[in-house]
Amino acid sequence: MKKFIHDLVVKDNIELNDQYFLLILKGNSPLPEMLPGQFVEVRVDESPTTFLRRPISINYVDYTTNEIWLLIQIVGDGTRKLSTLKSGSLLNLIYPLGNTFTIPDGKNSNLLLIGGGVGTAPMLFLGSYLNDLGYKCTFLLGGRSKSNLLQLSDFEKYGNVLTTTEDGSFGEKGFVTQHSVLNNRDFDAIYTCGPTPMMKAVADYALKNNIFCEVSLENTMACGFGTCLCCVTNTTEGNVCVCTEGPVFNITKLKW
């Protein structure tokens with residue numbers, strides 16, 4: 001898939017809570033094709049301590065309005081600078097990068113999309129994409145508390161939404177891997193993104209129940225082209241760069 005370097009206009013910068021914000025970017029020309037699971041590399045200007053681009057999952061794409069959404073967690077100087085962008089600012093992106101999730105064959109497939117923290121970001125794009133293709137999805141989203149459950153109204157447009165919080169302030173109390181829906185072993189496929197321990201627990205559940213499962217890894221990806229080797233992970237095919245061979249992997253390929 002062809003890659004592009006574009007300056008996109010910040011249409012809106014929405015503060016979701018003290019840790020997360022949503023950048024809504026608009027293209028001056030029609031956006032290129034993007035697929036769920038892919039990511040962008042964002043250039044952070046006017047941040048003296050930020051030398052490399054930041055990899056951000058594609059949260060949602062609306063071709064009718066020519067918009068791309070980026071859900072971002074503030075974790076350092078680079079993302080903190082991005083959180084201050086005003087409407088009308090320009091943001092330079094290299095995109096789309098990486099691979100995509102595998103779409104199941106049958107429209108009657110029972111699909112479960114699991115996201116934790118900022119790992120919910122690619123699940124929204126995947127859910128909207130599957131919905132457009134005629135699939136029905138169940139979303140299982142987890143956070144530490146109610147305030148960490150993001151974009152619930154957006155997810156509800158594309159499927160049934162289930163939640164967990166560690167403190168029990170919303171949904172079932174506990175981790176996503178403890179939700180009662182997992183007592184149902186009837187899923188045809190599971191897709192997940194979030195903290196590594198969460199993804200490993202989901203993968204373990206899928207393997208034990210012989211369920212197809214793909215994970216979207218969140219390794220540090222400084223270049224996006226397999227040059228810097230920051231994101232290497234160990235697979236059954238040897239060490240590979242997550243930015244070029246992933247970020248989406250079948251769990252049977254990962255040597256966890």
# chains A, B, ... in the order shown; residues from 1 in each chain; ligands from 1
$ closest_atom_pairs --of "region 44-150 of chain A" --to "region 226-242 of chain A" --cutoff "12 Å" --atoms "only C-alpha atoms" --output "Markdown table"
| residue | atom | partner | partner_atom | distance |
| --- | --- | --- | --- | --- |
| A:Leu52 | CA | A:Cys228 | CA | 10.7 |
| A:Arg53 | CA | A:Cys228 | CA | 11.9 |
| A:Pro55 | CA | A:Cys231 | CA | 11.0 |
| A:Leu97 | CA | A:Val242 | CA | 10.6 |
| A:Gly98 | CA | A:Val242 | CA | 7.9 |
| A:Asn99 | CA | A:Val242 | CA | 9.5 |
$ select_by_dssp --residues "region 39-249 of chain A" --states "strand (DSSP E)" --output "ChimeraX atom specification"
/A:39-42,54-57,60-62,67-73,90-97,111-116,137-143,159-165,172-173,189-193,212-216,232-235,238-241,248-249
$ residues_around --residues "region 76-80 of chain A" --least-positions-apart "3" --cutoff "8 Å" --atoms "only C-alpha atoms" --output "ChimeraX atom specification"
/A:44,47,49-50,54,72-73,83-84
$ select_by_dssp --residues "region 144-220 of chain A" --states "helix (DSSP H, G or I)" --output "PyMOL selection string"
chain A and resi 146-148+152-155+176-178+180-183+196-208
$ write_last_selection --atoms "C-alpha atoms" --output "compact mmCIF listing (two decimals), in the first residue's frame"
# COMPACT_ATOMS: atom_id res chain seq x y z
CA LYS A 146 -15.36 4.91 34.54
CA SER A 147 -13.38 7.98 33.44
CA ASN A 148 -10.94 5.70 31.58
CA LEU A 152 -18.51 4.55 24.46
CA SER A 153 -21.18 6.34 22.41
CA ASP A 154 -19.06 5.91 19.27
CA PHE A 155 -18.59 2.19 19.91
CA VAL A 176 -11.56 -7.51 30.73
CA THR A 177 -10.31 -11.08 30.94
CA GLN A 178 -12.62 -11.62 33.92
CA SER A 180 -18.68 -12.95 32.27
CA VAL A 181 -19.06 -12.84 28.47
CA LEU A 182 -15.90 -14.95 28.29
CA ASN A 183 -17.85 -17.81 29.82
CA THR A 196 0.78 -6.47 27.00
CA PRO A 197 -0.33 -8.42 30.11
CA MET A 198 -3.94 -7.98 29.01
CA MET A 199 -3.23 -9.15 25.47
CA LYS A 200 -1.29 -12.16 26.76
CA ALA A 201 -4.24 -13.11 28.97
CA VAL A 202 -6.65 -12.75 26.03
CA ALA A 203 -4.32 -14.82 23.85
CA ASP A 204 -4.17 -17.52 26.51
CA TYR A 205 -7.97 -17.63 26.66
CA ALA A 206 -8.19 -17.86 22.87
CA LEU A 207 -5.60 -20.65 22.65
CA LYS A 208 -7.26 -22.69 25.39
$ residues_around --residues "Gly143 (chain A)" --least-positions-apart "6" --cutoff "8 Å" --atoms "only C-alpha atoms" --output "PyMOL selection string"
chain A and resi 116-117+149+164-166+175
$ write_last_selection --atoms "N, CA, C and O atoms" --output "JSON list (two decimals), in the first residue's frame"
[["chain", "number", "residue", "atom", "x", "y", "z"],
["A", 116, "GLY", "N", -8.18, -2.28, 25.88],
["A", 116, "GLY", "CA", -7.88, -1.78, 27.21],
["A", 116, "GLY", "C", -7.08, -0.50, 27.13],
["A", 116, "GLY", "O", -6.13, -0.41, 26.34],
["A", 117, "GLY", "N", -7.47, 0.52, 27.89],
["A", 117, "GLY", "CA", -6.75, 1.79, 27.86],
["A", 117, "GLY", "C", -6.80, 2.42, 26.48],
["A", 117, "GLY", "O", -7.80, 2.37, 25.78],
["A", 149, "LEU", "N", -12.93, 4.83, 30.48],
["A", 149, "LEU", "CA", -13.66, 4.19, 29.38],
["A", 149, "LEU", "C", -14.00, 5.27, 28.36],
["A", 149, "LEU", "O", -14.78, 6.18, 28.63],
["A", 164, "THR", "N", -15.64, -3.28, 31.65],
["A", 164, "THR", "CA", -15.15, -3.62, 32.99],
["A", 164, "THR", "C", -14.36, -2.43, 33.52],
["A", 164, "THR", "O", -13.76, -1.66, 32.75],
["A", 165, "THR", "N", -14.37, -2.27, 34.83],
["A", 165, "THR", "CA", -13.49, -1.30, 35.48],
["A", 165, "THR", "C", -12.87, -1.99, 36.69],
["A", 165, "THR", "O", -13.52, -2.79, 37.37],
["A", 166, "GLU", "N", -11.63, -1.66, 36.94],
["A", 166, "GLU", "CA", -10.92, -2.30, 38.05],
["A", 166, "GLU", "C", -11.52, -1.92, 39.41],
["A", 166, "GLU", "O", -11.50, -2.71, 40.35],
["A", 175, "PHE", "N", -10.85, -7.10, 35.50],
["A", 175, "PHE", "CA", -10.18, -6.91, 34.22],
["A", 175, "PHE", "C", -11.07, -7.44, 33.10],
["A", 175, "PHE", "O", -12.01, -8.23, 33.33]]
$ decode --residues "region 23-108 of chain A" --atoms "C-alpha atoms" --output "compact mmCIF listing (two decimals), in the first residue's frame"
# COMPACT_ATOMS: atom_id res chain seq x y z
CA LEU A 23 -7.38 14.82 17.55
CA ILE A 24 -9.76 15.13 14.61
CA LEU A 25 -7.74 15.87 11.49
CA LYS A 26 -9.02 16.92 8.10
CA GLY A 27 -7.30 16.49 4.76
CA ASN A 28 -7.10 19.22 2.15
CA SER A 29 -7.29 16.50 -0.51
CA PRO A 30 -9.12 13.14 -0.40
CA LEU A 31 -7.62 10.82 2.21
CA PRO A 32 -5.90 7.67 0.95
CA GLU A 33 -7.25 4.22 1.71
CA MET A 34 -6.56 3.15 5.29
CA LEU A 35 -7.30 -0.17 6.97
CA PRO A 36 -8.04 -1.05 10.61
CA GLY A 37 -4.91 -1.87 12.55
CA GLN A 38 -2.73 0.53 10.61
CA PHE A 39 -1.04 3.52 12.23
CA VAL A 40 0.50 6.90 11.47
CA GLU A 41 3.82 8.47 12.38
CA VAL A 42 3.27 11.99 13.69
CA ARG A 43 5.90 14.73 13.60
CA VAL A 44 5.93 16.76 16.82
CA ASP A 45 6.99 20.33 16.10
CA GLU A 46 8.25 22.85 18.67
CA SER A 47 9.09 20.19 21.26
CA PRO A 48 12.87 20.42 21.93
CA THR A 49 13.03 17.01 23.64
CA THR A 50 11.06 15.19 20.91
CA PHE A 51 13.40 14.18 18.10
CA LEU A 52 11.51 11.26 16.55
CA ARG A 53 8.01 10.86 15.22
CA ARG A 54 5.36 9.29 17.42
CA PRO A 55 3.40 6.22 16.27
CA ILE A 56 -0.35 6.60 16.77
CA SER A 57 -3.04 4.03 15.94
CA ILE A 58 -5.73 5.10 13.50
CA ASN A 59 -8.82 5.47 15.66
CA TYR A 60 -11.42 6.18 12.98
CA VAL A 61 -11.69 7.35 9.38
CA ASP A 62 -14.65 9.17 7.84
CA TYR A 63 -14.22 9.49 4.09
CA THR A 64 -17.46 11.48 3.73
CA THR A 65 -16.02 14.31 5.82
CA ASN A 66 -12.39 13.55 4.91
CA GLU A 67 -11.43 13.09 8.57
CA ILE A 68 -9.04 10.84 10.46
CA TRP A 69 -9.21 10.52 14.25
CA LEU A 70 -6.25 9.92 16.55
CA LEU A 71 -6.90 8.91 20.17
CA ILE A 72 -3.80 9.85 22.16
CA GLN A 73 -2.63 9.27 25.72
CA ILE A 74 -0.35 11.86 27.30
CA VAL A 75 2.78 9.96 28.35
CA GLY A 76 5.65 12.39 27.68
CA ASP A 77 6.73 15.69 26.19
CA GLY A 78 5.76 14.74 22.64
CA THR A 79 2.18 13.74 23.34
CA ARG A 80 1.83 16.61 25.82
CA LYS A 81 2.77 19.01 23.04
CA LEU A 82 0.25 17.39 20.70
CA SER A 83 -2.43 17.88 23.35
CA THR A 84 -1.98 21.67 23.04
CA LEU A 85 -2.66 21.85 19.30
CA LYS A 86 -5.38 24.33 18.35
CA SER A 87 -7.99 24.12 15.61
CA GLY A 88 -6.43 25.20 12.34
CA SER A 89 -2.95 23.94 13.24
CA LEU A 90 -1.13 21.66 10.80
CA LEU A 91 0.07 18.20 11.76
CA ASN A 92 2.48 16.27 9.56
CA LEU A 93 1.75 12.54 9.14
CA ILE A 94 3.41 9.61 7.41
CA TYR A 95 0.63 7.12 6.72
CA PRO A 96 -0.85 4.55 6.42
CA LEU A 97 1.75 2.24 7.97
CA GLY A 98 1.65 -1.40 9.05
CA ASN A 99 -0.69 -4.25 8.25
CA THR A 100 -4.34 -4.91 9.02
CA PHE A 101 -6.62 -7.34 10.80
CA THR A 102 -7.87 -10.48 9.04
CA ILE A 103 -11.52 -10.22 8.05
CA PRO A 104 -13.46 -13.46 8.69
CA ASP A 105 -15.17 -15.33 5.87
CA GLY A 106 -18.69 -15.67 7.26
CA LYS A 107 -20.97 -12.68 7.89
CA ASN A 108 -22.59 -14.66 10.72
